[in-house]
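Just structure-v9.pdb here, PDB, C-alpha atoms, pLDDT in the B column:
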MODEL        1
ATOM      1  CA  MET A   1     -37.997   0.839   7.379  1.00 53.00           C
ATOM      2  CA  ALA A   2     -34.732   1.150   9.320  1.00 58.00           C
ATOM      3  CA  GLY A   3     -33.896  -2.474   8.493  1.00 59.00           C
ATOM      4  CA  VAL A   4     -34.360  -1.872   4.774  1.00 53.00           C
ATOM      5  CA  ARG A   5     -32.182   1.235   4.961  1.00 58.00           C
ATOM      6  CA  THR A   6     -29.444  -0.754   6.714  1.00 67.00           C
ATOM      7  CA  GLN A   7     -29.562  -3.476   4.053  1.00 61.00           C
ATOM      8  CA  LEU A   8     -29.292  -0.870   1.309  1.00 56.00           C
ATOM      9  CA  GLN A   9     -26.289   0.698   3.023  1.00 63.00           C
ATOM     10  CA  ILE A  10     -24.579  -2.703   3.324  1.00 61.00           C
ATOM     11  CA  ALA A  11     -25.301  -3.506  -0.327  1.00 58.00           C
ATOM     12  CA  SER A  12     -23.960  -0.122  -1.384  1.00 61.00           C
ATOM     13  CA  SER A  13     -20.776  -0.583   0.657  1.00 67.00           C
ATOM     14  CA  GLU A  14     -20.199  -4.075  -0.766  1.00 64.00           C
ATOM     15  CA  SER A  15     -20.722  -2.794  -4.295  1.00 62.00           C
ATOM     16  CA  GLU A  16     -18.251   0.044  -3.772  1.00 63.00           C
ATOM     17  CA  LEU A  17     -15.669  -2.314  -2.276  1.00 64.00           C
ATOM     18  CA  SER A  18     -15.989  -4.613  -5.288  1.00 62.00           C
ATOM     19  CA  LEU A  19     -15.474  -1.693  -7.663  1.00 57.00           C
ATOM     20  CA  LEU A  20     -12.473  -0.366  -5.761  1.00 59.00           C
ATOM     21  CA  LYS A  21     -10.789  -3.770  -5.668  1.00 57.00           C
ATOM     22  CA  SER A  22     -11.347  -4.262  -9.384  1.00 53.00           C
ATOM     23  CA  GLN A  23      -9.603  -0.944 -10.046  1.00 53.00           C
ATOM     24  CA  ILE A  24      -6.559  -1.826  -7.947  1.00 54.00           C
ATOM     25  CA  ASN A  25      -5.832  -5.458  -8.827  1.00 58.00           C
ATOM     26  CA  PRO A  26      -5.595  -5.389 -12.666  1.00 56.00           C
ATOM     27  CA  HIS A  27      -3.248  -2.403 -12.475  1.00 60.00           C
ATOM     28  CA  PHE A  28      -0.894  -4.263 -10.158  1.00 65.00           C
ATOM     29  CA  LEU A  29      -1.003  -7.430 -12.294  1.00 64.00           C
ATOM     30  CA  PHE A  30      -0.177  -5.437 -15.422  1.00 60.00           C
ATOM     31  CA  ASN A  31       2.870  -3.876 -13.764  1.00 67.00           C
ATOM     32  CA  SER A  32       4.106  -7.240 -12.517  1.00 68.00           C
ATOM     33  CA  LEU A  33       3.786  -8.877 -15.926  1.00 64.00           C
ATOM     34  CA  ASN A  34       5.740  -6.025 -17.487  1.00 67.00           C
ATOM     35  CA  THR A  35       8.509  -6.558 -14.943  1.00 72.00           C
ATOM     36  CA  VAL A  36       8.853 -10.261 -15.770  1.00 68.00           C
ATOM     37  CA  TYR A  37       8.610  -9.597 -19.501  1.00 66.00           C
ATOM     38  CA  GLY A  38      11.386  -7.002 -19.401  1.00 69.00           C
ATOM     39  CA  LEU A  39      13.612  -9.335 -17.393  1.00 70.00           C
ATOM     40  CA  ALA A  40      12.999 -12.231 -19.798  1.00 67.00           C
ATOM     41  CA  LEU A  41      14.000 -10.062 -22.772  1.00 66.00           C
ATOM     42  CA  LYS A  42      17.345  -9.183 -21.232  1.00 69.00           C
ATOM     43  CA  GLU A  43      18.592 -12.624 -20.301  1.00 65.00           C
ATOM     44  CA  GLU A  44      17.679 -16.252 -19.909  1.00 66.00           C
ATOM     45  CA  SER A  45      18.770 -17.004 -16.360  1.00 66.00           C
ATOM     46  CA  PRO A  46      17.712 -18.447 -13.005  1.00 68.00           C
ATOM     47  CA  LYS A  47      16.559 -14.973 -12.069  1.00 69.00           C
ATOM     48  CA  THR A  48      13.905 -15.149 -14.742  1.00 70.00           C
ATOM     49  CA  ALA A  49      12.668 -18.524 -13.539  1.00 65.00           C
ATOM     50  CA  HIS A  50      12.577 -17.259  -9.965  1.00 69.00           C
ATOM     51  CA  ALA A  51      10.649 -14.161 -10.991  1.00 72.00           C
ATOM     52  CA  VAL A  52       8.092 -16.228 -12.870  1.00 69.00           C
ATOM     53  CA  GLN A  53       7.680 -18.504  -9.850  1.00 70.00           C
ATOM     54  CA  GLN A  54       7.082 -15.540  -7.584  1.00 74.00           C
ATOM     55  CA  LEU A  55       4.589 -14.028  -9.967  1.00 74.00           C
ATOM     56  CA  SER A  56       2.803 -17.380 -10.150  1.00 69.00           C
ATOM     57  CA  GLU A  57       2.471 -17.415  -6.366  1.00 73.00           C
ATOM     58  CA  MET A  58       1.143 -13.875  -6.402  1.00 75.00           C
ATOM     59  CA  MET A  59      -1.403 -14.678  -9.114  1.00 72.00           C
ATOM     60  CA  ARG A  60      -2.526 -17.688  -7.103  1.00 69.00           C
ATOM     61  CA  PHE A  61      -3.038 -15.392  -4.130  1.00 74.00           C
ATOM     62  CA  MET A  62      -5.113 -13.010  -6.213  1.00 70.00           C
ATOM     63  CA  LEU A  63      -7.259 -15.783  -7.631  1.00 66.00           C
ATOM     64  CA  HIS A  64      -7.912 -17.643  -4.390  1.00 65.00           C
ATOM     65  CA  GLU A  65      -7.188 -15.485  -1.345  1.00 65.00           C
ATOM     66  CA  ASN A  66      -8.094 -12.067  -2.703  1.00 67.00           C
ATOM     67  CA  HIS A  67     -11.816 -12.819  -2.791  1.00 71.00           C
ATOM     68  CA  ALA A  68     -12.001 -13.863   0.855  1.00 78.00           C
ATOM     69  CA  GLU A  69     -13.374 -11.424   3.398  1.00 85.00           C
ATOM     70  CA  LYS A  70     -10.415 -12.012   5.729  1.00 90.00           C
ATOM     71  CA  ILE A  71      -7.154 -13.940   5.396  1.00 91.00           C
ATOM     72  CA  PRO A  72      -4.257 -14.664   7.784  1.00 92.00           C
ATOM     73  CA  LEU A  73      -2.104 -11.554   8.103  1.00 94.00           C
ATOM     74  CA  GLN A  74       1.010 -13.601   7.345  1.00 92.00           C
ATOM     75  CA  LYS A  75      -0.354 -14.468   3.883  1.00 90.00           C
ATOM     76  CA  GLU A  76      -0.791 -10.783   3.110  1.00 91.00           C
ATOM     77  CA  ILE A  77       2.778 -10.159   4.284  1.00 93.00           C
ATOM     78  CA  ASP A  78       4.144 -13.039   2.190  1.00 90.00           C
ATOM     79  CA  TYR A  79       2.445 -11.518  -0.824  1.00 88.00           C
ATOM     80  CA  LEU A  80       3.993  -8.151  -0.014  1.00 92.00           C
ATOM     81  CA  ARG A  81       7.442  -9.761   0.270  1.00 91.00           C
ATOM     82  CA  ASN A  82       7.052 -11.431  -3.140  1.00 87.00           C
ATOM     83  CA  TYR A  83       6.124  -8.094  -4.676  1.00 89.00           C
ATOM     84  CA  ILE A  84       9.147  -6.336  -3.164  1.00 91.00           C
ATOM     85  CA  GLU A  85      11.534  -9.075  -4.317  1.00 86.00           C
ATOM     86  CA  LEU A  86      10.063  -9.012  -7.799  1.00 83.00           C
ATOM     87  CA  GLN A  87      10.591  -5.270  -8.019  1.00 86.00           C
ATOM     88  CA  THR A  88      14.106  -5.647  -6.615  1.00 84.00           C
ATOM     89  CA  LEU A  89      15.039  -7.927  -9.524  1.00 77.00           C
ATOM     90  CA  ARG A  90      14.104  -5.123 -11.883  1.00 76.00           C
ATOM     91  CA  ILE A  91      16.107  -2.377 -10.211  1.00 78.00           C
ATOM     92  CA  SER A  92      18.846  -4.133  -8.215  1.00 64.00           C
ATOM     93  CA  GLN A  93      21.565  -3.142 -10.707  1.00 59.00           C
ATOM     94  CA  LYS A  94      20.889   0.560 -10.326  1.00 61.00           C
ATOM     95  CA  ASP A  95      23.692   2.028  -8.222  1.00 65.00           C
ATOM     96  CA  HIS A  96      21.790   5.199  -7.479  1.00 81.00           C
ATOM     97  CA  PHE A  97      18.776   3.375  -5.962  1.00 85.00           C
ATOM     98  CA  GLN A  98      18.571   2.569  -2.232  1.00 89.00           C
ATOM     99  CA  LEU A  99      16.050   0.115  -0.778  1.00 90.00           C
ATOM    100  CA  GLU A 100      15.498  -0.489   2.941  1.00 92.00           C
ATOM    101  CA  VAL A 101      13.072  -3.233   3.947  1.00 94.00           C
ATOM    102  CA  ASP A 102      12.233  -4.213   7.521  1.00 95.00           C
ATOM    103  CA  VAL A 103       9.225  -6.542   7.582  1.00 94.00           C
ATOM    104  CA  ALA A 104       8.280  -8.430  10.742  1.00 91.00           C
ATOM    105  CA  GLU A 105       8.059 -12.227  10.825  1.00 86.00           C
ATOM    106  CA  GLY A 106       5.474 -14.397  12.539  1.00 87.00           C
ATOM    107  CA  CYS A 107       2.557 -11.964  12.449  1.00 92.00           C
ATOM    108  CA  HIS A 108      -0.799 -13.323  13.607  1.00 92.00           C
ATOM    109  CA  GLY A 109      -4.398 -12.291  13.212  1.00 93.00           C
ATOM    110  CA  GLU A 110      -6.545 -11.778  10.117  1.00 94.00           C
ATOM    111  CA  ILE A 111      -6.829  -8.885   7.676  1.00 94.00           C
ATOM    112  CA  THR A 112      -8.791  -7.955   4.581  1.00 91.00           C
ATOM    113  CA  PRO A 113      -6.631  -8.897   1.571  1.00 89.00           C
ATOM    114  CA  MET A 114      -4.900  -6.288  -0.592  1.00 87.00           C
ATOM    115  CA  VAL A 115      -5.068  -3.344   1.811  1.00 89.00           C
ATOM    116  CA  LEU A 116      -1.300  -3.112   2.407  1.00 92.00           C
ATOM    117  CA  ILE A 117       0.208  -3.744  -1.020  1.00 89.00           C
ATOM    118  CA  PRO A 118      -1.068  -0.537  -2.737  1.00 90.00           C
ATOM    119  CA  PHE A 119       1.172   1.564  -0.461  1.00 93.00           C
ATOM    120  CA  VAL A 120       4.246  -0.436  -1.451  1.00 93.00           C
ATOM    121  CA  GLU A 121       3.247  -0.468  -5.105  1.00 90.00           C
ATOM    122  CA  ASN A 122       2.817   3.308  -4.998  1.00 90.00           C
ATOM    123  CA  ALA A 123       6.330   3.724  -3.568  1.00 92.00           C
ATOM    124  CA  PHE A 124       7.971   1.760  -6.377  1.00 90.00           C
ATOM    125  CA  LYS A 125       5.837   3.420  -9.021  1.00 87.00           C
ATOM    126  CA  HIS A 126       6.620   6.986  -7.964  1.00 86.00           C
ATOM    127  CA  GLY A 127       9.837   6.567  -5.989  1.00 87.00           C
ATOM    128  CA  VAL A 128      12.119   4.903  -8.528  1.00 85.00           C
ATOM    129  CA  SER A 129      13.995   6.897 -11.141  1.00 82.00           C
ATOM    130  CA  PHE A 130      16.423   5.355 -13.606  1.00 76.00           C
ATOM    131  CA  GLN A 131      18.163   8.699 -14.131  1.00 81.00           C
ATOM    132  CA  LYS A 132      18.290  10.276 -10.657  1.00 84.00           C
ATOM    133  CA  PRO A 133      19.209   9.069  -7.154  1.00 87.00           C
ATOM    134  CA  SER A 134      16.119   7.525  -5.567  1.00 90.00           C
ATOM    135  CA  TRP A 135      15.085   5.500  -2.542  1.00 93.00           C
ATOM    136  CA  VAL A 136      12.292   3.445  -0.994  1.00 94.00           C
ATOM    137  CA  LYS A 137      11.960   2.554   2.696  1.00 96.00           C
ATOM    138  CA  ILE A 138       9.438  -0.028   3.922  1.00 97.00           C
ATOM    139  CA  LYS A 139       8.866  -0.952   7.563  1.00 97.00           C
ATOM    140  CA  LEU A 140       6.124  -3.277   8.836  1.00 97.00           C
ATOM    141  CA  THR A 141       5.564  -4.206  12.477  1.00 97.00           C
ATOM    142  CA  CYS A 142       2.792  -6.149  14.161  1.00 95.00           C
ATOM    143  CA  ASN A 143       1.529  -7.315  17.524  1.00 92.00           C
ATOM    144  CA  ALA A 144      -1.489  -9.265  18.764  1.00 87.00           C
ATOM    145  CA  GLU A 145      -3.848  -6.355  18.113  1.00 92.00           C
ATOM    146  CA  GLU A 146      -2.610  -4.336  15.138  1.00 95.00           C
ATOM    147  CA  VAL A 147      -0.365  -4.086  12.105  1.00 97.00           C
ATOM    148  CA  HIS A 148       1.626  -0.945  11.305  1.00 97.00           C
ATOM    149  CA  LEU A 149       3.044  -0.181   7.857  1.00 97.00           C
ATOM    150  CA  ASN A 150       5.250   2.822   7.093  1.00 98.00           C
ATOM    151  CA  VAL A 151       6.386   3.440   3.515  1.00 97.00           C
ATOM    152  CA  GLN A 152       8.612   6.298   2.392  1.00 96.00           C
ATOM    153  CA  ASN A 153       9.951   7.093  -1.063  1.00 95.00           C
ATOM    154  CA  SER A 154      11.648   9.750  -3.118  1.00 94.00           C
ATOM    155  CA  VAL A 155       9.546  11.737  -5.583  1.00 90.00           C
ATOM    156  CA  HIS A 156      10.574  12.610  -9.120  1.00 81.00           C
ATOM    157  CA  LYS A 157       8.402  15.036 -11.002  1.00 70.00           C
ATOM    158  CA  HIS A 158       8.643  15.391 -14.763  1.00 57.00           C
ATOM    159  CA  ALA A 159       7.856  18.462 -16.782  1.00 44.00           C
ATOM    160  CA  GLU A 160       6.291  16.342 -19.529  1.00 44.00           C
ATOM    161  CA  ASP A 161       4.104  14.507 -17.017  1.00 49.00           C
ATOM    162  CA  PRO A 162       2.897  16.771 -14.168  1.00 49.00           C
ATOM    163  CA  GLU A 163       0.963  13.858 -12.637  1.00 50.00           C
ATOM    164  CA  LYS A 164       4.117  11.815 -12.166  1.00 49.00           C
ATOM    165  CA  GLY A 165       4.978  11.594  -8.480  1.00 45.00           C
ATOM    166  CA  LYS A 166       1.413  12.017  -7.246  1.00 53.00           C
ATOM    167  CA  SER A 167      -0.214   9.201  -5.291  1.00 54.00           C
ATOM    168  CA  GLY A 168      -3.130   9.018  -7.731  1.00 53.00           C
ATOM    169  CA  ILE A 169      -6.353   7.045  -7.601  1.00 59.00           C
ATOM    170  CA  GLY A 170      -4.793   3.945  -6.049  1.00 72.00           C
ATOM    171  CA  LEU A 171      -4.268   5.301  -2.544  1.00 80.00           C
ATOM    172  CA  GLU A 172      -7.555   7.178  -2.607  1.00 83.00           C
ATOM    173  CA  ASN A 173      -9.255   3.847  -3.281  1.00 84.00           C
ATOM    174  CA  VAL A 174      -7.478   2.330  -0.285  1.00 85.00           C
ATOM    175  CA  ARG A 175      -8.518   5.254   1.900  1.00 88.00           C
ATOM    176  CA  LYS A 176     -12.143   4.558   0.995  1.00 89.00           C
ATOM    177  CA  ARG A 177     -11.752   0.811   1.560  1.00 88.00           C
ATOM    178  CA  LEU A 178     -10.252   1.357   5.006  1.00 92.00           C
ATOM    179  CA  GLY A 179     -13.118   3.680   5.899  1.00 92.00           C
ATOM    180  CA  ILE A 180     -15.652   1.003   4.959  1.00 91.00           C
ATOM    181  CA  LEU A 181     -13.826  -2.061   6.309  1.00 91.00           C
ATOM    182  CA  TYR A 182     -12.200  -0.628   9.437  1.00 94.00           C
ATOM    183  CA  PRO A 183     -14.295   2.305  10.630  1.00 93.00           C
ATOM    184  CA  GLU A 184     -12.642   3.860  13.697  1.00 92.00           C
ATOM    185  CA  LYS A 185     -10.113   0.998  13.635  1.00 95.00           C
ATOM    186  CA  HIS A 186      -7.450   2.431  11.379  1.00 95.00           C
ATOM    187  CA  LEU A 187      -5.002   5.292  11.018  1.00 95.00           C
ATOM    188  CA  PHE A 188      -4.211   6.678   7.557  1.00 94.00           C
ATOM    189  CA  GLN A 189      -1.613   9.448   7.273  1.00 94.00           C
ATOM    190  CA  ILE A 190       0.162  10.913   4.265  1.00 93.00           C
ATOM    191  CA  TYR A 191       3.059  13.356   4.366  1.00 93.00           C
ATOM    192  CA  GLU A 192       4.294  14.990   1.166  1.00 91.00           C
ATOM    193  CA  THR A 193       7.140  17.333   0.303  1.00 90.00           C
ATOM    194  CA  GLU A 194       8.645  18.386  -3.010  1.00 89.00           C
ATOM    195  CA  ASP A 195      11.024  15.420  -3.054  1.00 90.00           C
ATOM    196  CA  SER A 196       9.552  12.822  -0.679  1.00 93.00           C
ATOM    197  CA  PHE A 197       6.340  10.949   0.093  1.00 94.00           C
ATOM    198  CA  GLU A 198       5.390   9.009   3.225  1.00 95.00           C
ATOM    199  CA  ALA A 199       2.377   6.828   3.981  1.00 95.00           C
ATOM    200  CA  ASN A 200       1.700   5.704   7.547  1.00 96.00           C
ATOM    201  CA  ILE A 201      -1.002   3.085   8.169  1.00 96.00           C
ATOM    202  CA  LYS A 202      -2.160   1.301  11.310  1.00 97.00           C
ATOM    203  CA  ILE A 203      -4.991  -1.243  11.314  1.00 97.00           C
ATOM    204  CA  THR A 204      -6.574  -2.718  14.427  1.00 96.00           C
ATOM    205  CA  LEU A 205      -7.149  -6.402  13.713  1.00 92.00           C
ATOM    206  CA  ILE A 206      -9.556  -7.222  16.541  1.00 75.00           C
TER
ENDMDL
END
How does the structure come out when it is put into structure tokens?
Amino acid sequence: MAGVRTQLQIASSESELSLLKSQINPHFLFNSLNTVYGLALKEESPKTAHAVQQLSEMMRFMLHENHAEKIPLQKEIDYLRNYIELQTLRISQKDHFQLEVDVAEGCHGEITPMVLIPFVENAFKHGVSFQKPSWVKIKLTCNAEEVHLNVQNSVHKHAEDPEKGKSGIGLENVRKRLGILYPEKHLFQIYETEDSFEANIKITLI
């Protein structure tokens, strides 16, 4: 009886993980396509070609790597870098936006795909304003045993959209995924103020 119960729990966890991933990925793809589309409308330039190439690499990752149970940590980081650069193309001309990125090179180990990117996506979604001064800070470090991601961003609330600036369903999904995939092997912290948001994540890889 205990064995059957364990199998049911595993099946339930796998089903929930599948649902959570399906909620996160299409949302990210939609945002990325909008970024490239907006850039293409403005000008025909090498930037556009570069953006399309990056998006192609990211889509390839989602189609092939995203379904694996574990992937090399460096592949996850490369994907994160492509996302940041793609977003930078969209907002690089904004004088009142500040971006600080410090992402380690040569990270080893394996990680479940798509557990880091939602934190960065959340920062760009809620931290960038085209009318007010805004900022995003991203720092990723790693060693032989763990990866540590810290993401901070400004928050801009709008009277017409009270939900704007909140972390939303995306990070709650990641919290659940981490609980299932890395029980007692992760740290998930969120710090919020009226004008700033910070997510601090550590994952033990072994």
_I want to know what sits within 10 Å of stretch 144-146 of chain A, based on all atoms listed in the file, with residues of the same chain fewer than 3 positions away left out; could you give that as number ranges by chain?_
A: 107-111, 141, 185-186, 202-206
_Test item: the PyMOL selection byres ((chain A and resi 193) around 12) resolved as number ranges by chain_ = A: 152-157, 165-166, 190-192, 194-198
*Name the residues that the PyMOL selection byres ((chain A and resi 97) around 12) picks from the file above, as a PyMOL selection string, using the file's chain letters and numbers.*
chain A and resi 88+90-96+98-100+124+127-137+153-154
Could you give me the centre and size, in Å to one decimal, of an axis-aligned box around all listed atoms of stretch 121-131 of chain A with 8 Å added on every side, as JSON?
{"center_x": 10.5, "center_y": 4.1, "center_z": -8.8, "size_x": 31.3, "size_y": 25.2, "size_z": 26.6}
*Name all residues at most 10 Å from A:Glu105 (count all atoms listed in the file; drop same-chain ones fewer than 4 positions away) and give them as a ChimeraX atom specification.*
/A:74,77-78,140-142
*asked:* Using the chain letters and numbers from this file, what does the PyMOL selection byres ((chain A and resi 120) around 8) select? Give the answer as a ChimeraX atom specification.
replied: /A:80,84,116-119,121-124,138,151
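Of the listed residues (A:Ile180, A:Val147, A:Met59, A:Ile71), A:Val147 comes nearest to A:Val103; the distances count only C-alpha atoms.
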*Quick one: of A:Gln54, A:Glu184, A:His126, A:Ile201, who's nearest to A:Glu85, counting all atoms listed in the file?*
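The answer is A:Gln54, which sits nearest to A:Glu85.
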*asked:* Restricting the calculation to all atoms listed in the file: of A:Leu149, A:Leu55, A:Leu39, A:Val174, which residue gets closest to A:Asn200?
replied: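 For A:Asn200, the nearest of the candidates is A:Leu149.
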*Which distance in Å separates atom CA of A:Ala68 and atom CA of A:Lys139, to one decimal?*
25.4 Å
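Closest to A:Lys125 among A:Gln87, A:Gln189, A:Asn143, A:Thr112 is A:Gln87, based on only C-alpha atoms.
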*Suppose you want the space between atom CA of A:Asp102 and atom CA of A:Arg81; what is it in Å?*
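Interatomic distance here is 10.3 Å.
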*Could you check how far atom CA of A:Lys70 sits from atom CA of A:Gly179, in Å to one decimal?*
15.9 Å
